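Right, one structure below, let's go through it.
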Amino acid sequence: MTSVQATTATTDLATPVVRVRDLSIEFATRSGRSTAVKKMDLDLHPGRTLAVLGESGSGKSATARAIMGVLPPGGSVTSGTVEVHGVDLLAMRPKEQRRVRGPVVGMVFQDAQSALNPVLPVGYQIAEGARAHRGMSRKAGRELAIDLLDRVGIADPRRAVDRFPHQFSGGMRQRVMIAGALAIDPEVLIADEPTTALDVTVQSQILQLMLDLRDERGLALMFITHDMGVVATIADEVLVMYDGHVLERGTRDQVLHAPEHAYTRALLESVPSADNRGRELPVVAAGVGRGEVVEVIEPESDVEVLSRPGNDVVVRAQGVGRDFSLASGGDWWRPGRAGRTTAVHEVDLTVHAGETLGVVGESGCGKSTLARMLTGGLAPTRGRVEVLGRDLSALTRGERLEVLRDVQLVHQDPSSSLDPRLSAGAAIAEPLVVHGVGDTASRRARVLELLDLVGLDPDHANRLPHQFSGGQRQRVEVARALALEPRLLVLDEPVSALDVSVQAQVVNLLMRLQRELDLAYVFISHDLGVVGHMSHRVLVMNGGRVVEEGPVAQIEDDPRHPYTSQLLAAVLRP
Amino acid sequence: MLPALPVALILVVAIAPGPFAGIFGNGDPRVCDLANSRADPRPGHPFGFDVQGCDLWANVVWGTRSSVLIGILVTLGVLIIAIVLGTLAAYFRRWVDMLVSRSLDIVLGFPALVGMVVVLTTIGQRNAFTVSAVLILFGWPGMTRVMRGSALAVVDRDYADAARGYGASSWRVMWRHVVPNAIAPVLVLASLAVGTMITAESALTFLGIGLQQPAISWGVQLNSAQAGFRQHLHLLLAPALFLSVTVLSFVVFGEAIRRRLDPSHQRSVR
Amino acid sequence: MPRSLASRPRSAVLIATVAATALTLSSCGGSAEDSSSDIEPVVVATTEGAMTDMTPGMSQGSNVDYALFTPLTKYDASSGDVENAVAESIESEDQVHWTITLEEGWTFHDGSPVTAQSFADSWNLAADPANAMDNNGQMVIFEGYDELNPVEGEPTATELSGVEVVDDLTLEVTLTEPNQLLPYRLSSTAFSPITEETAADPAEFARAPIGNGPFMVEEGWELGAQDVTLTRFEDYSGDAAGLEQIQLRIYQDPSSTYTDFQSGQVDVALIEANDLTAAEENSSGEVVEVTLPALIYLGFPTWDDRFADVDVRTAIATAIDRDAIVDQLLEGHGTAATGLSPDVLAGADQVDCPTCVYDPEGAADLLESAGGWDGPLELQTYADPVNEMVLQAIANQLSDNLGIDATMSTAPIGQVYDNLRAEESDGPFLLYSGAAYPHVYAQANALMATTGGLNMTKFSDPAFDEALSGAKAAADLEQAAQQAADAAEIGLAEAPITPIFYPSAGIVHSEGLTNIQAELLGGVNIAAIERG
Amino acid sequence: MLGYIVRRLLASVPVLLGTTFLIFVAVYALPGDPITALAGEDQTISPAVRRELTERYGLDDPLLVQYVNYLTGLFVGDFGVDFRGVEVSYVIARAWPTTVLLALTAWVLMAVFGIGLGAIAGLRPGGVVDGAVLAATTVLIGIPFFVVAYVGQIVFGLEFGWFPTSGTRDGWPLSYVLPAASLAIFGVPELARLTRASILENRYADYVHAAVAKGLSPMRIAVRHVLRTSLIPVVSMLGLSLGGLLGGAVLVEGIFNVPGLGYAIFTAIGQQNGPVVVGIGSLVVLVFLGVNLLVDLMYGVLDPRVSLDRRG
């Protein structure tokens, strides 16, 4: 069973274990000092969860890191106290601090992959805190690690204890991380987005584990997240942060159902889902808000504006599949070993003009491989891909280049899909240059036109990628993809790296472009909400196969494949 | 950029040593009188005289030219090879990578100094160009390896993929995307290499297989100084001082480049 | 260290030494001997090159060779004369047929007697091409060498027909041509005797030699050994060695010996001229400077038209300031050449060298009258620090005095000689020539005779050749020396080469050692060293 | 693991063939006549002796035949006979231990000082030690090594008399300290810088933060978490540097009169003693390949992410 139940603990609310008062944090930047957290107060009570909700840069992680003394270089606490059992942690000598950090307050980091030392066995890393603080022997530490691995739900802990982090999956690594924090038996556990990088089904398991541990050990839990669904699942109290300020605080129900602050409301409303399907989402104007003043742009109308698909088939895949040979591909003197793996089995799909085909699946299900096959970046091992009725594999190189102008790929992470050394204008003009479209002047005009189309200013043309925000980068990427006037965009997780409010902007943009340009989309995502919000049809993938296909409503309300049901059940809703 | 000043000054001296050589009066490195052989410094001749009785200051200043020329020539050569081979190997992988990596192993497997001795002895001709060529021949693998690694990372980035996606040719992807983005660590190495190569030239000359008279270089001067340096320390010190300062300038310059290219300066040079 | 990498012609690699100035530092020539054997043995530095193969046919004439072997004759460092050693007499009527009588009582280190056969065995061994010994070429003087070493085809003999053992103490030797200088040649260790066992298996004794010299090795040594102990041979028939034991310290590269001498690791060492100034200024130990029996000369490629005119060659030769080079550049460690060899070599002091004078104006005028000089002039030598230094100075002087754009270049020694032999060089070259035996004839013959082994100039003058042959056939040694000197003058006047200087080396030794002498062609005379 | 080693060994065959062939070609092309060089330039060599030597060393065979003959010999462990009639394997056997000892001593000195200084600097960036190390390493790069060697010889050998000035008579460690230190000085600056950079890179890694959050002592974090991971690239560089050390031995062995491989090969080049050059050259290449294999195996131990069976 994967549904998560929050149990409200009944512990003495009067005496918090951790009491943060008036905490301000600054970072030294090239242009001087910037405030990351301003006069923050918070209390952590045994057996209760405080969820700190906020988007990136809101100061939520800085708060946690300040408590633990692991602010990144340049960061410093400029005022305030962090009292643990009534004693100010920040005023202690380092040696005393070490008796608090770890033994009293433990922390689970966001990315277990980087928060576990890659070269030490997990058993060692779990036990090292206990060995340092409790003078435990190596052998006892090992037994403790085995116990804890068992407790956090890792199968065959006796063997797992000697393994290295890279030998575990993402979810398992997060469990190891948690076991490491628990080994010192802390009273407080600070979890910094511990489930963000995980698939939904894994996420719900980890959340359940943390709730169980909280109740079992009476832990005071501070849970940092940007996800409303997570808040709804785990929190007792909620604290909403924006730009270093606490905008709102209250109980879970209060914040989720009767938010006082416009920002909180906008956040809640801007989460795309089947419920607000096809409607324009409210947007928090990025960079406008300073402190407690946040501007929210509400949609002009609240009607469904999803485009109407036509009958022209833009792309059709018939039985496409792709195999990869294993990494041990042999050496130059002999071919690789027989080992081959199938990333995508036979997949059929059709996309019409003006239609969005959602592709849903968890990591490793073959979504990205499919995307690359549709855009000609990867030749299928089996089957064929037709773009506007022309079989890609039957074309000469030159013809393929021409045909593929109609199909463009938008990558997942705009920070890596834009050349860091090319200005936005140059990046957008690149496809035109490659295909010899127009002259310098006409290309320049076209770049400005495209910038306008994706909602950027003309002077943005001269900026470099790192001078843009994440959402703006994604817009540049979309503009580049549109430069050759394609008929189909294959969008590979286009919004999953973005904050909720930014995600809303991009979703709005994509829907508007579809209407205006009669574009067909293949929209790939692990997020059922976004897919449900903007797709006409959905294709559910698992293990390289399509397990279910159908209109959104049918998939949402009447899933036929057990995997689809499982996926739906794991989705956390606010 | 302050660290560029010493390097700029050295380049100016290398291009036009004449005026600098003449600062103290006698600027001609070839006006020699055996009567002054090994004479100590005296007014007008701040560094004294070399064994041939030539003004040492003028010689050391003129020596900047060939030493720096070799340093830069070799670094450029190695840089070009590294960029071309490293990028090709990273981009095409398979047999191209195999070929580049194996040749790299072969040259790296060779004790470079011994290799250089054999090759230079074989060539017989020893001027700035052959010495440079030999230094390049044995110097390219290090930087190529770094370039290959750095290019491999870039080739895997989405923007290289994206460029292929909108139809850019391999050549264009390499030239416009891979090389500019992968070149930073190699440029840093290159700025350091200028100094290293200048020292390497002096080492070869010290072994008697580098430049030779009448070429004027610090290596040649150090080589002729080793005979009697215990009695006439200035013979060794003057060129060694210039050599050290030059190498140091390039090292500092390289360090500055590194900081500039890598503001976080947490990334390793390699 | 690299400077010795480029090997000089062989005799130089050994840092050959005839002590021209041959000093006996302390005159107590007696055998004031130190019998207490618990005193640390005197440590003498030597080079690895001298210790690779001690078989006479492979010997290089080093001081260690002379410590272990005593040939028929012996060179006296102080007088420059050759005296009998193992030989009682060496006599001839016609300078072609010689009768050699051995002194009675000489034995090898193993106790076996030194007989006429011992010498015949040694010479036959060296002459047999199948052994490919380094000193094979020296046996060319004996009749029958050509049968053993034919230009083409297989050898038609197995022994030298010109060497005949009459009885245990008598040899009859026939030479290929008259040679008054035979006693000089026989003083080379290449002509030392060997035991029967060595003759049967020379390789076995390469580093465990059984000789007849004043010192013996009790056990052999491995190639690469760092120390070898020599023990006095008590039954030695000549003058007994001054010390009971000598420890040889073997250096791969002699250049670090001076540093080791300073740090007290070595008692006696031959040092290069470069270290001489330092040694003289330093108080530790004493220095004996010796002039090597060698010549550094500038040769002209006579096949090149530009040097065909003797006036051009003379002009260049007389534009060189030899005194400045020796006094300033070499800091006095050398002797400006006034002939072909240092005066101590037989006949050397009778040679007058017309091109060895410094006359810049005259040189310029002479060059002018010979048609002047066009274009650049590239002087050449092989990689060697002293050679390079001297040649650069010569280039500077030619530029200053003659207005020629003179530069220099160096190449590996093998290449320099190959190019010269192939007549592919087109510039004057600075080379080293060591005297094969202590006679001016040796230098004159090697450098200027049509068939001379080191005649790199391809100079060929019948008048000179004839004069030189006459010297060999002279009735007595005195006359031979005079005629050789006269011949040398004829050659030098034609200026195929112009002598520059006689190089120096030094022997440093710690205090308390006396009678430090230079050995013929090989550093310090080990047998002569005494304590006291 | 075994499969990996076998594959690596197979893969080094072409490298070994390539390098030995190159050395062979280069030696073949050395100017000058080896027979003349053998006897000395001033010696007359009779045609009969010349024929004998040519025959003995197969000098008139085509290059490829000579190479194949040589390889065949090498295959059964026969390095051939040098032009002085000495077994090359003998030359190698006597020089080998000295050079190995020298190179290893230098290697250890380099590792200790390079990593030590780099670690101190990296753990306290911007501190006094960091500044001093950066300055010192920068200055060291600029000084020609032979100057360092001479100065070391004179100061520590002659003036202070702490160490012998030359030779290996006093055995290890006394005799080896000065030459090894001169040799090691080439590598220390680069190694220190690499260590420093690598530490700086890992110092703010998440897992270091995680360790801090567990309340571990700074010492423990530095040793267990920062150093351990930072040393991975350092190890690979240490491996690569061995080639340089063997090359540098040529110079150092000459200056300090150490009877090792470096000097032997250098002398052999001067004497055109081809068999020695090729023999030692091949051996050095072989050692280099072996060390590289060892380094890669070490890599597997140090960095469990590296699966040896997946590396080509």
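Just remember, in the structure tokens the first chain shown is A, the second B, etc., residues are 1-based per chain, and ligands are 1-based in the order shown.
By only C-alpha atoms, and with residues fewer than 2 positions from Pro503 in chain C along its chain excluded, the set lying at most 9 Å from it is Ala273, Val290, Thr291, Leu292, Pro293, Ala294, Leu295, Ile296, His333, Gly334, Thr335, Ala336, Phe501 and Ala505 of chain C.
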For this session: Show which residues sit within 8 Å of Ala215 in chain B, as a count of residues only. Count only C-alpha atoms, and ignore same-chain residues fewer than 4 positions away.
Result: 4
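Within 7 Å of chain B, chain D contributes the residues Val15, Gly18, Thr19, Ala26, Val27, Ala29, Leu30, Pro31, Thr138, Val139, Gly142, Ile143, Pro144, Ala197, Ser198, Leu200, Glu201, Gly243, Gly244, Leu246, Gly247, Gly248, Ile269, Val285, Phe288 and Leu289 of chain D, using only C-alpha atoms.
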Just the selected residues (N, CA, C and O atoms), exported as an mmCIF file, in the first residue's frame, please.
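out_27.cif, freshly written:
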data_model
loop_
_atom_site.group_PDB
_atom_site.id
_atom_site.type_symbol
_atom_site.label_atom_id
_atom_site.label_comp_id
_atom_site.auth_asym_id
_atom_site.auth_seq_id
_atom_site.Cartn_x
_atom_site.Cartn_y
_atom_site.Cartn_z
ATOM 1 N N VAL D 15 51.372 -1.404 -27.620
ATOM 2 C CA VAL D 15 52.114 -0.245 -27.113
ATOM 3 C C VAL D 15 53.589 -0.596 -26.989
ATOM 4 O O VAL D 15 54.471 0.163 -27.408
ATOM 5 N N GLY D 18 55.068 -0.918 -30.401
ATOM 6 C CA GLY D 18 55.209 0.415 -30.989
ATOM 7 C C GLY D 18 56.420 1.140 -30.433
ATOM 8 O O GLY D 18 57.252 1.639 -31.184
ATOM 9 N N THR D 19 56.516 1.153 -29.112
ATOM 10 C CA THR D 19 57.621 1.907 -28.519
ATOM 11 C C THR D 19 58.972 1.279 -28.826
ATOM 12 O O THR D 19 59.897 1.981 -29.209
ATOM 13 N N ALA D 26 65.000 4.804 -34.072
ATOM 14 C CA ALA D 26 65.784 5.977 -33.696
ATOM 15 C C ALA D 26 67.247 5.599 -33.512
ATOM 16 O O ALA D 26 68.144 6.297 -33.981
ATOM 17 N N VAL D 27 67.489 4.474 -32.831
ATOM 18 C CA VAL D 27 68.866 4.060 -32.589
ATOM 19 C C VAL D 27 69.547 3.713 -33.893
ATOM 20 O O VAL D 27 70.708 4.041 -34.128
ATOM 21 N N ALA D 29 68.987 5.012 -36.618
ATOM 22 C CA ALA D 29 69.235 6.234 -37.363
ATOM 23 C C ALA D 29 70.296 7.116 -36.707
ATOM 24 O O ALA D 29 70.653 8.153 -37.245
ATOM 25 N N LEU D 30 70.783 6.728 -35.521
ATOM 26 C CA LEU D 30 71.801 7.550 -34.856
ATOM 27 C C LEU D 30 72.973 7.765 -35.798
ATOM 28 O O LEU D 30 73.414 6.836 -36.469
ATOM 29 N N PRO D 31 73.476 8.995 -35.846
ATOM 30 C CA PRO D 31 74.572 9.253 -36.771
ATOM 31 C C PRO D 31 75.847 8.568 -36.297
ATOM 32 O O PRO D 31 76.012 8.281 -35.128
ATOM 33 N N THR D 138 55.829 27.687 -6.771
ATOM 34 C CA THR D 138 55.946 28.515 -7.963
ATOM 35 C C THR D 138 57.410 28.810 -8.254
ATOM 36 O O THR D 138 57.874 28.699 -9.386
ATOM 37 N N VAL D 139 58.150 29.152 -7.200
ATOM 38 C CA VAL D 139 59.556 29.464 -7.391
ATOM 39 C C VAL D 139 60.307 28.225 -7.885
ATOM 40 O O VAL D 139 61.128 28.291 -8.789
ATOM 41 N N GLY D 142 60.372 27.544 -11.440
ATOM 42 C CA GLY D 142 61.196 28.434 -12.236
ATOM 43 C C GLY D 142 62.683 28.169 -12.169
ATOM 44 O O GLY D 142 63.446 28.771 -12.897
ATOM 45 N N ILE D 143 63.126 27.308 -11.277
ATOM 46 C CA ILE D 143 64.563 27.070 -11.157
ATOM 47 C C ILE D 143 64.934 25.806 -11.923
ATOM 48 O O ILE D 143 64.326 24.773 -11.730
ATOM 49 N N PRO D 144 65.923 25.916 -12.792
ATOM 50 C CA PRO D 144 66.328 24.705 -13.509
ATOM 51 C C PRO D 144 66.819 23.667 -12.502
ATOM 52 O O PRO D 144 67.565 23.996 -11.576
ATOM 53 N N ALA D 197 44.298 21.458 -5.267
ATOM 54 C CA ALA D 197 43.101 21.709 -6.074
ATOM 55 C C ALA D 197 42.052 20.633 -5.809
ATOM 56 O O ALA D 197 40.859 20.920 -5.663
ATOM 57 N N SER D 198 42.512 19.405 -5.728
ATOM 58 C CA SER D 198 41.590 18.292 -5.531
ATOM 59 C C SER D 198 40.905 18.401 -4.175
ATOM 60 O O SER D 198 39.712 18.136 -4.037
ATOM 61 N N LEU D 200 40.463 21.218 -2.489
ATOM 62 C CA LEU D 200 39.542 22.356 -2.533
ATOM 63 C C LEU D 200 38.233 21.949 -3.198
ATOM 64 O O LEU D 200 37.159 22.404 -2.828
ATOM 65 N N GLU D 201 38.369 21.057 -4.179
ATOM 66 C CA GLU D 201 37.184 20.624 -4.906
ATOM 67 C C GLU D 201 36.273 19.793 -3.995
ATOM 68 O O GLU D 201 35.056 19.883 -4.067
ATOM 69 N N GLY D 243 57.393 7.599 -15.203
ATOM 70 C CA GLY D 243 58.105 7.736 -16.471
ATOM 71 C C GLY D 243 59.059 8.917 -16.418
ATOM 72 O O GLY D 243 60.218 8.815 -16.801
ATOM 73 N N GLY D 244 58.559 10.030 -15.891
ATOM 74 C CA GLY D 244 59.383 11.226 -15.771
ATOM 75 C C GLY D 244 60.560 11.009 -14.843
ATOM 76 O O GLY D 244 61.667 11.463 -15.110
ATOM 77 N N LEU D 246 62.109 8.182 -14.209
ATOM 78 C CA LEU D 246 63.114 7.363 -14.860
ATOM 79 C C LEU D 246 63.895 8.198 -15.871
ATOM 80 O O LEU D 246 65.104 8.043 -16.022
ATOM 81 N N GLY D 247 63.183 9.109 -16.542
ATOM 82 C CA GLY D 247 63.865 9.986 -17.493
ATOM 83 C C GLY D 247 64.813 10.924 -16.776
ATOM 84 O O GLY D 247 65.951 11.113 -17.176
ATOM 85 N N GLY D 248 64.318 11.500 -15.678
ATOM 86 C CA GLY D 248 65.135 12.435 -14.921
ATOM 87 C C GLY D 248 66.347 11.768 -14.316
ATOM 88 O O GLY D 248 67.371 12.406 -14.078
ATOM 89 N N ILE D 269 73.944 5.953 -25.582
ATOM 90 C CA ILE D 269 73.568 6.791 -26.723
ATOM 91 C C ILE D 269 74.812 7.466 -27.276
ATOM 92 O O ILE D 269 75.032 7.508 -28.479
ATOM 93 N N VAL D 285 59.898 1.097 -20.766
ATOM 94 C CA VAL D 285 58.526 1.123 -21.267
ATOM 95 C C VAL D 285 57.691 0.042 -20.579
ATOM 96 O O VAL D 285 56.559 0.268 -20.146
ATOM 97 N N PHE D 288 56.923 1.067 -17.153
ATOM 98 C CA PHE D 288 55.919 2.113 -17.173
ATOM 99 C C PHE D 288 54.521 1.515 -17.357
ATOM 100 O O PHE D 288 53.584 1.875 -16.661
ATOM 101 N N LEU D 289 54.423 0.566 -18.303
ATOM 102 C CA LEU D 289 53.122 -0.066 -18.536
ATOM 103 C C LEU D 289 52.670 -0.817 -17.290
ATOM 104 O O LEU D 289 51.502 -0.760 -16.892
#
Please report, as a Markdown table, each residue of chain B lying at most 8 Å from chain C, together with the nearest pair of atoms and the separation in Å rounded to one decimal; use only C-alpha atoms, and order rows by chain and ascending residue number.
| residue | atom | partner | partner_atom | distance |
| --- | --- | --- | --- | --- |
| B:Cys32 | CA | C:Asn396 | CA | 7.4 |
| B:Leu34 | CA | C:Gln328 | CA | 6.0 |
| B:Ala35 | CA | C:Gln328 | CA | 6.2 |
| B:Asn36 | CA | C:Gln328 | CA | 7.8 |
| B:Ser37 | CA | C:Gln328 | CA | 5.9 |
| B:Val51 | CA | C:Leu329 | CA | 6.2 |
| B:Gln52 | CA | C:Ala393 | CA | 6.2 |
| B:Thr121 | CA | C:Pro412 | CA | 6.9 |
| B:Gly124 | CA | C:Ala411 | CA | 6.1 |
| B:Gln125 | CA | C:Ala411 | CA | 7.8 |
| B:Phe206 | CA | C:Pro2 | CA | 7.5 |
| B:Leu207 | CA | C:Pro2 | CA | 5.3 |
| B:Gly208 | CA | C:Ala383 | CA | 6.7 |
| B:Gln212 | CA | C:Ser409 | CA | 6.9 |
| B:Gln213 | CA | C:Met408 | CA | 6.5 |
| B:Pro214 | CA | C:Thr407 | CA | 6.2 |
| B:Ser224 | CA | C:Pro385 | CA | 7.0 |
| B:Ala227 | CA | C:Asn274 | CA | 5.8 |
| B:Gly228 | CA | C:Asn274 | CA | 6.2 |
| B:Arg230 | CA | C:Ala278 | CA | 7.2 |
| B:Gln231 | CA | C:Ala278 | CA | 6.5 |
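When CA of Asp426 in chain C is paired with CA of Val351 in chain C, their separation reads 28.9 Å.
Close contacts of Pro17 in chain B, defined as residues with an atom at most 10 Å away when counting only C-alpha atoms, with chain neighbours fewer than 2 positions off set aside, comprise Ile10, Leu11, Val12, Val13, Ala14, Ile15, Pro19, Phe20, Ala21, Gly22, Gly27, Ala58, Asn59, Val60, Val61, Trp62, Gly63, Thr64 and Arg65 of chain B.
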Exercise. Do you know which residues are at most 6 Å from Val49 in chain D counting only C-alpha atoms, after dropping those on the same chain fewer than 3 positions away, and could you put them as a ChimeraX atom specification?
Worked result: /C:129,132 /D:46,52
Problem set entry | Near-range 229-231 of chain D list (9 Å; only C-alpha atoms; drop same-chain fewer than 3 positions) as a count of residues only | 21
Exercise. Which distance in Å separates CA of Leu207 in chain A and CA of Ala232 in chain A, to one decimal?
Worked result: 11.3 Å
For this session: Identify all residues of range 33-109 of chain D in alpha helix (DSSP H) (DSSP on the backbone) and supply them as a ChimeraX atom specification.
Result: /D:34-39,47-57,63-75,88-109
For this session: May I have the residues of chain D within 9 Å of chain C, counting only C-alpha atoms, written as a PyMOL selection string?
Result: chain D and resi 30-34+36-53+84+90-91+94-95+153-154+157-159+161+164-169+251-259+263-264+266-267+269-272
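CA of Thr302 in chain C is found 5.8 Å from CA of Thr457 in chain C.
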Listing only residues of chain D within 9 Å of chain A, what is the closest atom pair and its distance in Å (to one decimal) for each, using only C-alpha atoms, sorted by chain and residue number ascending, as a tab-separated table?
residue	atom	partner	partner_atom	distance
D:Arg7	CA	A:Asp331	CA	8.5
D:Ala11	CA	A:Trp333	CA	8.6
D:Tyr204	CA	A:Pro72	CA	7.1
D:Ala205	CA	A:Ser114	CA	7.2
D:Asp206	CA	A:Ala115	CA	4.4
D:Tyr207	CA	A:Ala115	CA	3.9
D:Val208	CA	A:Ala115	CA	7.5
D:His209	CA	A:Val70	CA	5.6
D:Ala210	CA	A:Ala115	CA	6.0
D:Ala211	CA	A:Gly129	CA	7.9
D:Val212	CA	A:Val70	CA	7.0
D:Ala213	CA	A:Met68	CA	5.6
D:Lys214	CA	A:Gly102	CA	3.9
D:Gly215	CA	A:Arg98	CA	4.3
D:Leu216	CA	A:Ala132	CA	6.5
D:Ser217	CA	A:Arg98	CA	7.5
D:Arg224	CA	A:Leu120	CA	8.8
D:His225	CA	A:Asn117	CA	6.9
D:Arg228	CA	A:Val119	CA	7.8
D:Thr229	CA	A:Val119	CA	6.7
D:Val301	CA	A:Val119	CA	8.9
D:Leu302	CA	A:Val119	CA	6.7
D:Asp303	CA	A:Val119	CA	5.3
D:Pro304	CA	A:Val119	CA	5.7
D:Arg305	CA	A:His166	CA	6.4
D:Asp309	CA	A:Ser328	CA	7.1
D:Arg310	CA	A:Ser328	CA	4.8
D:Arg311	CA	A:Ser328	CA	7.3
D:Gly312	CA	A:Asp331	CA	6.1
For this session: Compute the set of chain A residues within 7 Å of chain B, using only C-alpha atoms, and express it as a list of chain:residue names.
Result: A:Gly377, A:Leu401, A:Arg405, A:Gln408, A:Leu409, A:Ser416, A:Ser417, A:Leu418, A:Asp419, A:Pro431, A:Val434
For this session: Tell me which protein, DNA and RNA residues are within 9 Å of Ala225 in chain B, counting only C-alpha atoms, leaving out same-chain ones fewer than 6 positions away, and put them as a ChimeraX atom specification.
Result: /B:50-51,232-236
With C-alpha atoms retained, export the selected residues as a PDB file, in the first residue's frame.
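Saved result, part27.pdb, follows:
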ATOM      1  CA  ASP B  50      80.843  35.708 -19.654  1.00  0.00           C
ATOM      2  CA  VAL B  51      83.698  33.366 -20.508  1.00  0.00           C
ATOM      3  CA  HIS B 232      82.299  32.785 -11.019  1.00  0.00           C
ATOM      4  CA  LEU B 233      78.833  32.496  -9.609  1.00  0.00           C
ATOM      5  CA  HIS B 234      77.500  35.442 -11.595  1.00  0.00           C
ATOM      6  CA  LEU B 235      77.818  33.391 -14.778  1.00  0.00           C
ATOM      7  CA  LEU B 236      75.195  30.992 -13.462  1.00  0.00           C
TER       8      LEU B 236
END
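For Ala197 in chain A, the set of protein, DNA and RNA residues having any atom at most 9 Å away, when counting only C-alpha atoms and skipping those fewer than 3 positions along the same chain, is Gln110, Asp111, Gly170, Gly171, Glu193, Pro194 and Gln203 of chain A.
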Please save all heavy atoms of the selected residues as a tab-separated table (two decimals), in the first residue's frame.
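Ended up saving to out-v1.tsv:
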chain	number	residue	atom	x	y	z
A	110	GLN	N	19.44	16.62	0.41
A	110	GLN	CA	18.58	16.45	-0.74
A	110	GLN	C	19.08	15.35	-1.67
A	110	GLN	O	18.36	14.44	-2.04
A	110	GLN	CB	18.51	17.77	-1.52
A	110	GLN	CG	17.83	17.61	-2.87
A	110	GLN	CD	17.64	18.94	-3.57
A	110	GLN	OE1	18.00	19.98	-3.05
A	110	GLN	NE2	17.02	18.91	-4.72
A	111	ASP	N	20.37	15.46	-2.02
A	111	ASP	CA	20.88	14.56	-3.03
A	111	ASP	C	21.77	13.51	-2.38
A	111	ASP	O	22.94	13.75	-2.10
A	111	ASP	CB	21.69	15.39	-4.05
A	111	ASP	CG	22.23	14.53	-5.16
A	111	ASP	OD1	21.87	13.33	-5.20
A	111	ASP	OD2	22.99	15.05	-5.98
A	170	GLY	N	18.53	5.33	-6.34
A	170	GLY	CA	18.33	6.62	-5.69
A	170	GLY	C	17.55	6.53	-4.40
A	170	GLY	O	17.93	7.10	-3.38
A	171	GLY	N	16.45	5.78	-4.43
A	171	GLY	CA	15.62	5.67	-3.24
A	171	GLY	C	16.35	4.95	-2.12
A	171	GLY	O	16.25	5.32	-0.94
A	193	GLU	N	14.62	18.63	1.37
A	193	GLU	CA	14.09	18.09	0.11
A	193	GLU	C	14.56	16.66	-0.15
A	193	GLU	O	15.15	16.38	-1.20
A	193	GLU	CB	14.55	18.98	-1.06
A	193	GLU	CG	14.16	20.43	-0.87
A	193	GLU	CD	13.41	20.99	-2.07
A	193	GLU	OE1	12.79	20.20	-2.80
A	193	GLU	OE2	13.41	22.21	-2.24
A	194	PRO	N	14.36	15.76	0.76
A	194	PRO	CA	14.96	14.43	0.61
A	194	PRO	C	14.33	13.60	-0.51
A	194	PRO	O	14.87	12.58	-0.89
A	194	PRO	CB	14.72	13.79	1.97
A	194	PRO	CG	13.51	14.45	2.49
A	194	PRO	CD	13.53	15.86	1.97
A	203	GLN	N	9.12	8.20	-3.75
A	203	GLN	CA	8.90	9.34	-2.86
A	203	GLN	C	7.90	9.00	-1.76
A	203	GLN	O	8.13	9.27	-0.58
A	203	GLN	CB	8.40	10.53	-3.67
A	203	GLN	CG	7.77	11.61	-2.83
A	203	GLN	CD	7.56	12.89	-3.61
A	203	GLN	OE1	8.50	13.51	-4.07
A	203	GLN	NE2	6.30	13.28	-3.75
